[in-house]
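Source file: query-v9.pdb (PDB, C-alpha atoms and all ligand atoms)
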MODEL        1
ATOM      1  CA  MET V  17     -11.879  20.568 -11.806
ATOM      2  CA  PRO V  18     -14.158  17.934 -13.352
ATOM      3  CA  GLU V  19     -17.756  18.021 -12.182
ATOM      4  CA  ASP V  20     -18.223  15.822  -9.114
ATOM      5  CA  PRO V  21     -21.230  13.474  -9.578
ATOM      6  CA  ALA V  22     -21.877  13.738  -5.814
ATOM      7  CA  ASP V  23     -22.838  17.414  -6.317
ATOM      8  CA  THR V  24     -26.087  16.357  -7.932
ATOM      9  CA  LEU V  25     -27.254  14.266  -4.951
ATOM     10  CA  ASP V  26     -29.639  15.577  -2.305
ATOM     11  CA  PRO V  27     -27.399  16.200   0.743
ATOM     12  CA  GLN V  28     -30.222  16.111   3.294
ATOM     13  CA  ARG V  29     -31.398  12.705   2.122
ATOM     14  CA  LEU V  30     -27.856  11.377   2.329
ATOM     15  CA  ALA V  31     -27.316  12.951   5.741
ATOM     16  CA  VAL V  32     -29.845  10.569   7.267
ATOM     17  CA  TYR V  33     -27.298   7.818   6.731
ATOM     18  CA  ALA V  34     -24.308   9.780   8.030
ATOM     19  CA  ASN V  35     -23.561   9.543  11.713
ATOM     20  CA  GLY V  36     -23.743  13.062  13.054
ATOM     21  CA  TYR V  37     -23.888  14.699  16.455
ATOM     22  CA  GLN V  38     -25.383  17.936  15.318
ATOM     23  CA  ALA V  39     -29.060  18.413  14.512
ATOM     24  CA  VAL V  40     -29.401  19.175  10.851
ATOM     25  CA  THR V  41     -29.948  22.680   9.687
ATOM     26  CA  PRO V  42     -29.811  23.182   5.966
ATOM     27  CA  TRP V  43     -26.203  24.257   5.934
ATOM     28  CA  VAL V  44     -22.881  22.658   5.047
ATOM     29  CA  GLN V  45     -21.549  22.192   8.587
ATOM     30  CA  SER V  46     -24.430  19.937   9.457
ATOM     31  CA  THR V  47     -23.181  16.392   9.293
ATOM     32  CA  GLY V  48     -26.369  14.456   9.746
ATOM     33  CA  TYR V  49     -29.730  14.001  11.355
ATOM     34  CA  ARG V  50     -29.738  12.411  14.763
ATOM     35  CA  THR V  51     -31.945   9.537  13.842
ATOM     36  CA  HIS V  52     -33.176   7.491  16.747
ATOM     37  CA  GLY V  53     -30.842   4.592  16.048
ATOM     38  CA  LEU V  54     -27.835   6.857  15.935
ATOM     39  CA  ARG V  55     -28.409   8.723  19.192
ATOM     40  CA  PHE V  56     -25.798   7.850  21.747
ATOM     41  CA  ALA V  57     -28.553   6.779  24.066
ATOM     42  CA  GLY V  58     -29.323   4.136  21.493
ATOM     43  CA  LEU V  59     -25.835   2.758  21.906
ATOM     44  CA  GLY V  60     -26.371   2.072  25.608
ATOM     45  CA  ASP V  61     -27.158  -1.277  27.133
ATOM     46  CA  GLY V  62     -30.741  -0.700  28.219
ATOM     47  CA  VAL V  63     -29.707   1.607  31.073
ATOM     48  CA  ASP V  64     -28.225   4.313  28.901
ATOM     49  CA  LEU V  65     -24.559   3.559  29.566
ATOM     50  CA  ARG V  66     -23.485   5.493  26.473
ATOM     51  CA  LEU V  67     -20.274   3.506  26.565
ATOM     52  CA  ALA V  68     -18.664   4.872  23.419
ATOM     53  CA  GLU V  69     -19.269   8.494  24.341
ATOM     54  CA  THR V  70     -18.211   7.918  27.937
ATOM     55  CA  PHE V  71     -15.009   6.272  26.754
ATOM     56  CA  LEU V  72     -14.160   9.242  24.543
ATOM     57  CA  ARG V  73     -14.872  11.781  27.284
ATOM     58  CA  ASN V  74     -13.115   9.849  30.035
ATOM     59  CA  THR V  75      -9.985   9.278  28.009
ATOM     60  CA  CYS V  76      -9.331  12.899  27.084
ATOM     61  CA  SER V  77      -5.908  14.165  28.139
ATOM     62  CA  ARG V  78      -6.182  16.966  30.728
ATOM     63  CA  ARG V  79      -3.578  19.364  32.135
ATOM     64  CA  SER V  80      -4.819  18.740  35.649
ATOM     65  CA  ASP V  81      -4.271  14.982  35.448
ATOM     66  CA  ARG V  82      -1.111  14.795  37.554
ATOM     67  CA  GLU V  83      -1.593  11.094  38.217
ATOM     68  CA  THR V  84      -1.107  10.160  34.573
ATOM     69  CA  GLN V  85       1.787  12.600  34.260
ATOM     70  CA  ALA V  86       3.508  10.931  37.228
ATOM     71  CA  SER V  87       2.809   7.522  35.784
ATOM     72  CA  ILE V  88       4.368   8.461  32.435
ATOM     73  CA  ALA V  89       7.376  10.042  34.180
ATOM     74  CA  GLY V  90       7.939   6.700  35.876
ATOM     75  CA  TYR V  91       8.739   5.157  32.514
ATOM     76  CA  PHE V  92      11.859   7.307  32.196
ATOM     77  CA  THR V  93      13.470   5.743  35.264
ATOM     78  CA  ASP V  94      16.180   3.092  34.909
ATOM     79  CA  PRO V  95      14.040   0.072  35.894
ATOM     80  CA  ALA V  96      11.401   1.033  33.359
ATOM     81  CA  VAL V  97      13.960   1.614  30.593
ATOM     82  CA  GLN V  98      15.533  -1.748  31.399
ATOM     83  CA  MET V  99      12.092  -3.343  31.275
ATOM     84  CA  LEU V 100      11.618  -1.880  27.771
ATOM     85  CA  ALA V 101      15.060  -3.143  26.759
ATOM     86  CA  ALA V 102      14.102  -6.658  27.878
ATOM     87  CA  GLY V 103      10.847  -6.615  25.891
ATOM     88  CA  GLY V 104      10.215  -9.911  24.140
ATOM     89  CA  VAL V 105      12.945 -11.849  25.928
ATOM     90  CA  GLU V 106      11.607 -15.390  26.112
ATOM     91  CA  ASP V 107      12.870 -18.937  26.528
ATOM     92  CA  LEU V 108      11.850 -20.704  23.326
ATOM     93  CA  ALA V 109      13.701 -23.950  24.105
ATOM     94  CA  CYS V 110      10.586 -26.034  24.819
ATOM     95  CA  LEU V 111       8.436 -24.481  22.114
ATOM     96  CA  THR V 112       7.949 -25.486  18.483
ATOM     97  CA  THR V 113       9.276 -22.720  16.299
ATOM     98  CA  VAL V 114       9.736 -22.055  12.604
ATOM     99  CA  THR V 115      12.722 -19.980  11.554
ATOM    100  CA  LEU V 116      11.662 -17.498   8.940
ATOM    101  CA  PRO V 117      13.564 -17.345   5.646
ATOM    102  CA  ALA V 118      14.649 -14.170   3.888
ATOM    103  CA  GLY V 119      11.493 -12.340   2.922
ATOM    104  CA  ALA V 120      10.095 -12.171  -0.601
ATOM    105  CA  ARG V 121      10.846  -8.836  -2.220
ATOM    106  CA  LEU V 122       8.042  -6.334  -2.627
ATOM    107  CA  ARG V 123       7.359  -6.164  -6.352
ATOM    108  CA  ARG V 124       5.629  -2.797  -6.499
ATOM    109  CA  GLU V 125       6.524   0.766  -5.597
ATOM    110  CA  LEU V 126       4.908   2.242  -2.473
ATOM    111  CA  GLY V 127       3.144   4.921  -4.544
ATOM    112  CA  ASP V 128       1.714   2.261  -6.834
ATOM    113  CA  VAL V 129       0.540   0.151  -3.879
ATOM    114  CA  LEU V 130      -1.002   3.158  -2.123
ATOM    115  CA  GLY V 131      -2.703   4.380  -5.272
ATOM    116  CA  ASN V 132      -4.264   1.012  -6.008
ATOM    117  CA  ARG V 133      -4.986  -0.397  -2.555
ATOM    118  CA  ARG V 134      -8.400  -1.978  -2.296
ATOM    119  CA  SER V 135      -9.888  -4.531   0.031
ATOM    120  CA  VAL V 136      -9.668  -7.914  -1.693
ATOM    121  CA  ARG V 137     -12.243 -10.385  -0.414
ATOM    122  CA  MET V 138     -12.097 -13.281  -2.897
ATOM    123  CA  TYR V 139      -9.186 -15.713  -3.012
ATOM    124  CA  THR V 140      -8.232 -18.595  -5.283
ATOM    125  CA  GLY V 141      -7.439 -21.112  -2.553
ATOM    126  CA  ASP V 142      -3.753 -21.173  -3.557
ATOM    127  CA  SER V 143      -1.095 -21.296  -0.875
ATOM    128  CA  ILE V 144       1.483 -18.585  -0.297
ATOM    129  CA  PRO V 145       5.157 -19.348   0.332
ATOM    130  CA  LEU V 146       6.787 -18.851   3.712
ATOM    131  CA  GLU V 147       8.996 -16.147   2.150
ATOM    132  CA  GLN V 148       5.893 -14.018   1.583
ATOM    133  CA  VAL V 149       4.625 -14.713   5.084
ATOM    134  CA  ALA V 150       8.017 -13.585   6.373
ATOM    135  CA  THR V 151       7.650 -10.314   4.476
ATOM    136  CA  LEU V 152       4.149  -9.825   5.848
ATOM    137  CA  VAL V 153       4.893 -10.446   9.520
ATOM    138  CA  ARG V 154       8.042  -8.339   9.337
ATOM    139  CA  ALA V 155       6.010  -5.504   7.822
ATOM    140  CA  GLY V 156       3.639  -5.868  10.753
ATOM    141  CA  GLY V 157       6.172  -5.866  13.526
ATOM    142  CA  ALA V 158       9.788  -6.894  12.893
ATOM    143  CA  VAL V 159      12.648  -5.504  14.919
ATOM    144  CA  THR V 160      14.297  -3.113  12.489
ATOM    145  CA  GLY V 161      16.923  -1.458  14.631
ATOM    146  CA  GLN V 162      17.999  -0.451  18.070
ATOM    147  CA  SER V 163      19.157   2.581  19.979
ATOM    148  CA  ARG V 164      21.266   2.998  23.087
ATOM    149  CA  VAL V 165      19.756   4.881  25.987
ATOM    150  CA  ASP V 166      21.848   6.315  28.820
ATOM    151  CA  LEU V 167      20.706   5.141  32.245
ATOM    152  CA  LEU V 168      20.520   7.680  35.070
ATOM    153  CA  THR V 169      22.637   5.444  37.291
ATOM    154  CA  GLY V 170      25.278   4.862  34.618
ATOM    155  CA  GLY V 171      25.578   2.408  31.804
ATOM    156  CA  GLN V 172      23.229   2.005  28.884
ATOM    157  CA  ALA V 173      20.217   0.005  27.812
ATOM    158  CA  VAL V 174      19.512  -1.112  24.243
ATOM    159  CA  ILE V 175      15.987  -0.410  23.063
ATOM    160  CA  GLN V 176      14.620  -2.153  19.993
ATOM    161  CA  HIS V 177      12.495  -0.520  17.320
ATOM    162  CA  ARG V 178       9.984  -2.121  15.016
ATOM    163  CA  THR V 179       8.367  -1.524  11.646
ATOM    164  CA  ALA V 180       5.145  -0.163  13.155
ATOM    165  CA  PRO V 181       5.040   2.636  15.752
ATOM    166  CA  SER V 182       3.944   1.760  19.274
ATOM    167  CA  PRO V 183       2.813   3.818  22.295
ATOM    168  CA  GLY V 184       5.866   4.365  24.465
ATOM    169  CA  GLY V 185       7.613   1.494  22.690
ATOM    170  CA  LEU V 186       5.546  -0.873  24.837
ATOM    171  CA  TYR V 187       4.334  -2.999  21.921
ATOM    172  CA  PRO V 188       1.028  -4.122  23.401
ATOM    173  CA  VAL V 189      -0.125  -5.685  20.114
ATOM    174  CA  GLU V 190       1.099  -9.131  19.077
ATOM    175  CA  LEU V 191       0.684 -10.758  15.700
ATOM    176  CA  TYR V 192      -0.801 -14.259  15.506
ATOM    177  CA  LEU V 193      -1.340 -16.262  12.343
ATOM    178  CA  LEU V 194      -3.888 -18.834  11.289
ATOM    179  CA  THR V 195      -1.937 -20.688   8.629
ATOM    180  CA  LEU V 196      -4.538 -22.191   6.341
ATOM    181  CA  ARG V 197      -2.222 -22.556   3.339
ATOM    182  CA  VAL V 198       1.402 -21.857   4.119
ATOM    183  CA  PRO V 199       3.775 -24.691   3.173
ATOM    184  CA  GLY V 200       6.449 -24.971   5.843
ATOM    185  CA  THR V 201       4.057 -24.331   8.718
ATOM    186  CA  ALA V 202       1.560 -26.894   9.939
ATOM    187  CA  PRO V 203      -1.997 -25.548   9.661
ATOM    188  CA  GLY V 204      -2.628 -24.065  13.084
ATOM    189  CA  VAL V 205      -2.092 -21.020  15.248
ATOM    190  CA  TRP V 206       1.307 -19.348  15.255
ATOM    191  CA  ARG V 207       2.655 -16.293  17.035
ATOM    192  CA  TYR V 208       5.236 -14.030  15.452
ATOM    193  CA  GLN V 209       8.102 -13.436  17.893
ATOM    194  CA  PRO V 210       9.820 -10.211  16.746
ATOM    195  CA  ARG V 211      12.845 -10.430  19.037
ATOM    196  CA  TYR V 212      13.967 -13.746  17.589
ATOM    197  CA  ASP V 213      12.191 -13.334  14.237
ATOM    198  CA  VAL V 214      10.532 -16.750  14.440
ATOM    199  CA  LEU V 215       7.021 -18.161  14.419
ATOM    200  CA  VAL V 216       6.048 -19.933  17.627
ATOM    201  CA  HIS V 217       3.450 -22.691  17.469
ATOM    202  CA  THR V 218       0.618 -21.869  19.875
ATOM    203  CA  GLY V 219      -2.281 -24.000  18.659
ATOM    204  CA  ASP V 220      -3.056 -27.016  16.480
ATOM    205  CA  GLU V 221      -5.378 -27.222  13.485
ATOM    206  CA  ARG V 222      -8.391 -27.868  15.710
ATOM    207  CA  ARG V 223      -7.823 -24.535  17.469
ATOM    208  CA  MET V 224      -7.313 -22.830  14.130
ATOM    209  CA  ARG V 225     -10.646 -24.214  12.845
ATOM    210  CA  ALA V 226     -12.378 -23.139  16.065
ATOM    211  CA  ALA V 227     -10.963 -19.623  15.660
ATOM    212  CA  LEU V 228     -12.149 -19.507  12.024
ATOM    213  CA  ASP V 229     -15.600 -20.660  13.142
ATOM    214  CA  GLY V 230     -15.712 -17.529  15.314
ATOM    215  CA  PHE V 231     -15.765 -15.320  12.219
ATOM    216  CA  SER V 232     -19.200 -14.020  11.307
ATOM    217  CA  VAL V 233     -18.508 -13.328   7.616
ATOM    218  CA  THR V 234     -20.224 -15.379   4.965
ATOM    219  CA  GLU V 235     -18.306 -16.894   2.057
ATOM    220  CA  ASP V 236     -20.115 -14.729  -0.483
ATOM    221  CA  ILE V 237     -18.715 -11.605   1.224
ATOM    222  CA  ILE V 238     -15.212 -12.870   2.083
ATOM    223  CA  SER V 239     -14.059 -16.281   0.843
ATOM    224  CA  LEU V 240     -12.365 -17.024   4.148
ATOM    225  CA  SER V 241     -12.113 -20.744   3.435
ATOM    226  CA  GLN V 242      -9.985 -19.971   0.344
ATOM    227  CA  ALA V 243      -7.627 -17.556   2.131
ATOM    228  CA  ALA V 244      -4.016 -18.521   2.722
ATOM    229  CA  LEU V 245      -3.537 -16.763   6.012
ATOM    230  CA  VAL V 246      -5.474 -14.914   8.683
ATOM    231  CA  MET V 247      -3.489 -12.453  10.744
ATOM    232  CA  LEU V 248      -4.840 -11.853  14.229
ATOM    233  CA  LEU V 249      -3.861  -8.737  16.148
ATOM    234  CA  LEU V 250      -3.989  -9.651  19.805
ATOM    235  CA  ALA V 251      -3.497  -6.915  22.366
ATOM    236  CA  ARG V 252      -2.310  -6.953  25.941
ATOM    237  CA  PRO V 253      -4.004  -3.659  26.872
ATOM    238  CA  TRP V 254      -2.496  -3.430  30.338
ATOM    239  CA  LYS V 255       0.945  -2.895  28.858
ATOM    240  CA  ALA V 256      -0.376   0.520  27.806
ATOM    241  CA  LEU V 257      -2.999   1.041  30.554
ATOM    242  CA  ARG V 258      -0.333   0.635  33.234
ATOM    243  CA  LYS V 259       1.422   3.717  31.865
ATOM    244  CA  TYR V 260      -1.288   5.841  30.267
ATOM    245  CA  GLY V 261      -4.407   4.904  32.224
ATOM    246  CA  ASP V 262      -7.654   4.371  30.322
ATOM    247  CA  ARG V 263      -6.368   6.561  27.482
ATOM    248  CA  GLY V 264      -3.883   3.812  26.781
ATOM    249  CA  LEU V 265      -6.660   1.788  25.178
ATOM    250  CA  ARG V 266      -6.851   4.381  22.409
ATOM    251  CA  TYR V 267      -3.140   3.881  21.799
ATOM    252  CA  VAL V 268      -3.478   0.110  21.683
ATOM    253  CA  LEU V 269      -6.108   0.408  18.973
ATOM    254  CA  LEU V 270      -4.046   2.979  17.079
ATOM    255  CA  GLU V 271      -1.057   0.638  17.128
ATOM    256  CA  ALA V 272      -3.268  -2.134  15.780
ATOM    257  CA  GLY V 273      -4.353   0.172  12.952
ATOM    258  CA  ALA V 274      -0.757   1.003  12.064
ATOM    259  CA  ILE V 275       0.165  -2.695  12.008
ATOM    260  CA  ALA V 276      -2.875  -3.534   9.881
ATOM    261  CA  GLU V 277      -2.020  -0.896   7.304
ATOM    262  CA  ASN V 278       1.576  -2.129   7.140
ATOM    263  CA  LEU V 279       0.197  -5.607   6.461
ATOM    264  CA  HIS V 280      -2.003  -4.300   3.652
ATOM    265  CA  LEU V 281       0.842  -2.381   2.047
ATOM    266  CA  ALA V 282       3.130  -5.404   2.195
ATOM    267  CA  ALA V 283       0.382  -7.660   0.828
ATOM    268  CA  GLY V 284      -0.170  -5.224  -2.028
ATOM    269  CA  GLY V 285       3.552  -5.047  -2.709
ATOM    270  CA  LEU V 286       3.655  -8.839  -2.947
ATOM    271  CA  GLY V 287       0.696  -8.980  -5.323
ATOM    272  CA  LEU V 288      -1.513 -10.584  -2.671
ATOM    273  CA  GLY V 289      -5.034  -9.607  -1.692
ATOM    274  CA  SER V 290      -5.979  -8.561   1.830
ATOM    275  CA  VAL V 291      -8.937  -7.244   3.760
ATOM    276  CA  ASP V 292      -9.540  -5.996   7.284
ATOM    277  CA  CYS V 293     -12.098  -8.101   9.029
ATOM    278  CA  ALA V 294     -13.775  -6.951  12.215
ATOM    279  CA  SER V 295     -16.599  -9.427  11.694
ATOM    280  CA  PHE V 296     -15.859 -11.972  14.374
ATOM    281  CA  TYR V 297     -17.451 -13.017  17.638
ATOM    282  CA  ASP V 298     -14.768 -11.914  20.051
ATOM    283  CA  ASP V 299     -15.352 -14.385  22.825
ATOM    284  CA  GLU V 300     -15.606 -17.343  20.467
ATOM    285  CA  VAL V 301     -12.209 -16.532  19.000
ATOM    286  CA  HIS V 302     -10.834 -15.841  22.488
ATOM    287  CA  ALA V 303     -11.982 -19.264  23.623
ATOM    288  CA  ALA V 304     -10.401 -20.905  20.573
ATOM    289  CA  LEU V 305      -7.097 -19.178  21.249
ATOM    290  CA  GLY V 306      -7.222 -19.702  25.000
ATOM    291  CA  VAL V 307      -7.113 -16.011  25.925
ATOM    292  CA  ASP V 308      -9.418 -14.235  28.355
ATOM    293  CA  GLY V 309     -10.460 -11.185  26.315
ATOM    294  CA  GLU V 310      -9.261  -8.717  28.966
ATOM    295  CA  LEU V 311      -5.601  -9.260  29.734
ATOM    296  CA  CYS V 312      -5.272 -10.492  26.180
ATOM    297  CA  ALA V 313      -7.892  -9.578  23.600
ATOM    298  CA  LEU V 314      -8.346  -9.850  19.866
ATOM    299  CA  VAL V 315      -8.614  -6.314  18.502
ATOM    300  CA  HIS V 316      -8.448  -6.801  14.746
ATOM    301  CA  THR V 317      -7.832  -9.275  11.939
ATOM    302  CA  VAL V 318      -6.440  -9.084   8.413
ATOM    303  CA  ILE V 319      -7.228 -11.839   5.924
ATOM    304  CA  VAL V 320      -4.690 -12.540   3.173
ATOM    305  CA  GLY V 321      -4.836 -14.702   0.060
ATOM    306  CA  VAL V 322      -4.067 -14.990  -3.612
ATOM    307  CA  PRO V 323      -6.588 -12.682  -5.322
ATOM    308  CA  GLY V 324      -9.379 -14.635  -6.959
TER     309      GLY V 324
HETATM  310  C1  LIG G   1     -11.446  -1.524  11.142
HETATM  311  C2  LIG G   1     -11.979  -2.096   9.825
HETATM  312  C3  LIG G   1     -12.792  -3.207   9.845
HETATM  313  C4  LIG G   1     -13.256  -3.793   8.673
HETATM  314  N1  LIG G   1     -14.010  -4.930   8.731
HETATM  315  C5  LIG G   1     -14.474  -5.485   7.582
HETATM  316  C6  LIG G   1     -15.264  -6.670   7.640
HETATM  317  O1  LIG G   1     -15.531  -7.210   8.695
HETATM  318  N2  LIG G   1     -15.720  -7.212   6.471
HETATM  319  C7  LIG G   1     -15.428  -6.643   5.257
HETATM  320  O2  LIG G   1     -15.858  -7.157   4.233
HETATM  321  N3  LIG G   1     -14.654  -5.496   5.169
HETATM  322  C8  LIG G   1     -14.172  -4.920   6.315
HETATM  323  N4  LIG G   1     -13.399  -3.778   6.250
HETATM  324  C9  LIG G   1     -13.019  -3.218   4.944
HETATM  325  C10 LIG G   1     -13.878  -2.002   4.571
HETATM  326  O3  LIG G   1     -15.194  -2.400   4.244
HETATM  327  C11 LIG G   1     -13.222  -1.337   3.363
HETATM  328  O4  LIG G   1     -11.931  -0.886   3.720
HETATM  329  C12 LIG G   1     -14.044  -0.157   2.851
HETATM  330  O5  LIG G   1     -15.272  -0.611   2.315
HETATM  331  C13 LIG G   1     -13.307   0.636   1.772
HETATM  332  O6  LIG G   1     -13.016  -0.203   0.674
HETATM  333  P1  LIG G   1     -11.510  -0.384   0.162
HETATM  334  O7  LIG G   1     -10.694  -0.929   1.345
HETATM  335  O8  LIG G   1     -11.568  -1.397  -0.964
HETATM  336  O9  LIG G   1     -11.001   0.947  -0.280
HETATM  337  C14 LIG G   1     -12.920  -3.199   7.427
HETATM  338  C15 LIG G   1     -12.103  -2.053   7.406
HETATM  339  C16 LIG G   1     -11.619  -1.522   8.594
HETATM  340  C17 LIG G   1     -10.705  -0.321   8.536
ENDMDL
END

Take the structure in the file and write it out as structure tokens.
Ligand SMILES: Cc1cc2nc3c(=O)[nH]c(=O)nc-3n(C[C@H](O)[C@H](O)[C@H](O)COP(=O)(O)O)c2cc1C
Amino acid sequence: MPEDPADTLDPQRLAVYANGYQAVTPWVQSTGYRTHGLRFAGLGDGVDLRLAETFLRNTCSRRSDRETQASIAGYFTDPAVQMLAAGGVEDLACLTTVTLPAGARLRRELGDVLGNRRSVRMYTGDSIPLEQVATLVRAGGAVTGQSRVDLLTGGQAVIQHRTAPSPGGLYPVELYLLTLRVPGTAPGVWRYQPRYDVLVHTGDERRMRAALDGFSVTEDIISLSQAALVMLLLARPWKALRKYGDRGLRYVLLEAGAIAENLHLAAGGLGLGSVDCASFYDDEVHAALGVDGELCALVHTVIVGVPG
């Protein structure tokens, strides 16, 4: 084993900057000092709400929680299975849509992409073709297959599966695009519709600009203005909360993480640069998109461009 340069650093000095819940004793299990700013009390809202900690504690799964067990069991009944089978059914007749072409092929092996993945924050300002956008959105959430499920009352339902895993197959996370530089789509806000594999126009350029204004990153950190595409992961938490209770929110966020990583891997495979960006003012972006932040909320974004 080569010598690790980190071995020469003073662990107690570094521990001050690590978020820990255990008071430091000079031993390896100690993860950090509880500095004032990192105490959970410090995370409260003036009245010590300790929201993060409370969320974690209150969303633990417990054997005694019969209510959640009954709720989950309800999703194995025929009406619930049929509801899942009908997921994404929508009348697109009056909406502006773009049919996606065959996707651009990924140019690199998965191992190569994984081994070299890095956040890329600077972009050239070049556009990316719709074929690459098709590859990206399909990596995030395309329908990739289906399975037949026997109904208790006879007959079958057809359940669709997607590229990214989802809690209970409920798919609470939807993929929206801000198309800064994608020939074939007007600059604006678009929603990827997995069932029909199309982009649906949901907002004009003014809304797109308003959504971009809601980002709190500066150009020297991420050259957002030179990106080709911003992918917004919008969640409908109640799809999961209805079944799993408050714990469902964890699942929504986990699904968003899985989608985001798929986007990064596809971007890497296409030779594009991408970065996660949580630096946005939620309610400003919500207002730009016309969503309320509760029934529909922005949970994450991934910025994509030609590496600069
Ligand atoms: C949930 C999440 C949010 C992030 N938000 C930002 C962000 O707002 N701005 C930014 O520059 N990087 C952001 N990043 C990227 C991280 O800074 C980056 O992944 C980390 O520094 C490791 O670097 P690497 O991705 O190049 O390996 C985010 C990453 C994650 C997972």

Expanded to explicit residues, what is the PyMOL selection byres (((chain V and resi 232) around 7) and not hetatm) for this file, as a ChimeraX atom specification?
/V:230-231,233-234,295-297

How big is the axis-aligned box around all listed atoms of segment 158-165 of chain V once 6 Å goes on each side, and where's its centre, in Å to one decimal, as lines of an AutoDock Vina configuration file?
center_x = 15.5
center_y = -1.0
center_z = 19.2
size_x = 23.5
size_y = 23.8
size_z = 25.5

Protein and nucleic acid residues within 10 Å of ligand LIG 1 (chain G) (all atoms listed in the file) as an MDAnalysis selection string
chainID V and resid 132:137 231:234 236:239 269 272:273 276:277 280 290:296 315:319

Can you spell out as a compact mmCIF listing (two decimals) with C-alpha atoms, keeping the file's coordinate frame the set of residues that the PyMOL selection byres (((chain V and resi 157) around 9) and not hetatm) selects in the structure I just provided?
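Final output, saved to expr.txt:
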# COMPACT_ATOMS: atom_id res chain seq x y z
CA LEU V 152 4.15 -9.82 5.85
CA VAL V 153 4.89 -10.45 9.52
CA ARG V 154 8.04 -8.34 9.34
CA ALA V 155 6.01 -5.50 7.82
CA GLY V 156 3.64 -5.87 10.75
CA ALA V 158 9.79 -6.89 12.89
CA VAL V 159 12.65 -5.50 14.92
CA THR V 160 14.30 -3.11 12.49
CA ARG V 178 9.98 -2.12 15.02
CA THR V 179 8.37 -1.52 11.65
CA ALA V 180 5.14 -0.16 13.16
CA PRO V 181 5.04 2.64 15.75
CA GLU V 190 1.10 -9.13 19.08
CA LEU V 191 0.68 -10.76 15.70
CA TYR V 208 5.24 -14.03 15.45
CA GLN V 209 8.10 -13.44 17.89
CA PRO V 210 9.82 -10.21 16.75
CA ILE V 275 0.16 -2.70 12.01
CA ASN V 278 1.58 -2.13 7.14

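Going from atom CA of Arg222 of chain V to atom CA of Ala304 of chain V covers 8.7 Å.
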
Could you make a table, as a tab-separated table, of the residues of segment 66-110 of chain V that have an atom within 12 Å of an atom of segment 251-256 of chain V, each with its nearest atom pair and distance in Å to one decimal, counting all atoms listed in the file, in chain and number order?
residue	atom	partner	partner_atom	distance
V:Thr84	CA	V:Ala256	CA	11.8
V:Ser87	CA	V:Ala256	CA	11.1
V:Ile88	CA	V:Ala256	CA	10.3
V:Tyr91	CA	V:Ala256	CA	11.3
V:Met99	CA	V:Lys255	CA	11.4
V:Leu100	CA	V:Lys255	CA	10.8
V:Gly103	CA	V:Lys255	CA	11.0

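As for atom CA of Val268 of chain V and atom CA of Val216 of chain V, they are spaced 22.6 Å apart.
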
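Going from atom CA of Thr113 of chain V to atom CA of Tyr187 of chain V covers 21.1 Å.
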
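When all atoms listed in the file are used to measure the gap to Ser143 of chain V, the shortest distance among V:Arg73, V:Arg258, V:His302, V:Arg197 belongs to V:Arg197.
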
Close residues, Ala150 of chain V itself excluded, 7 Å, all atoms listed in the file, min 6 positions apart in chain, as number ranges by chain:
V: 116-117, 119

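Nearest to Gln148 of chain V of all the residues V:Leu72, V:Ala22, V:Cys110, V:Ala282 is V:Ala282, based on only C-alpha atoms.
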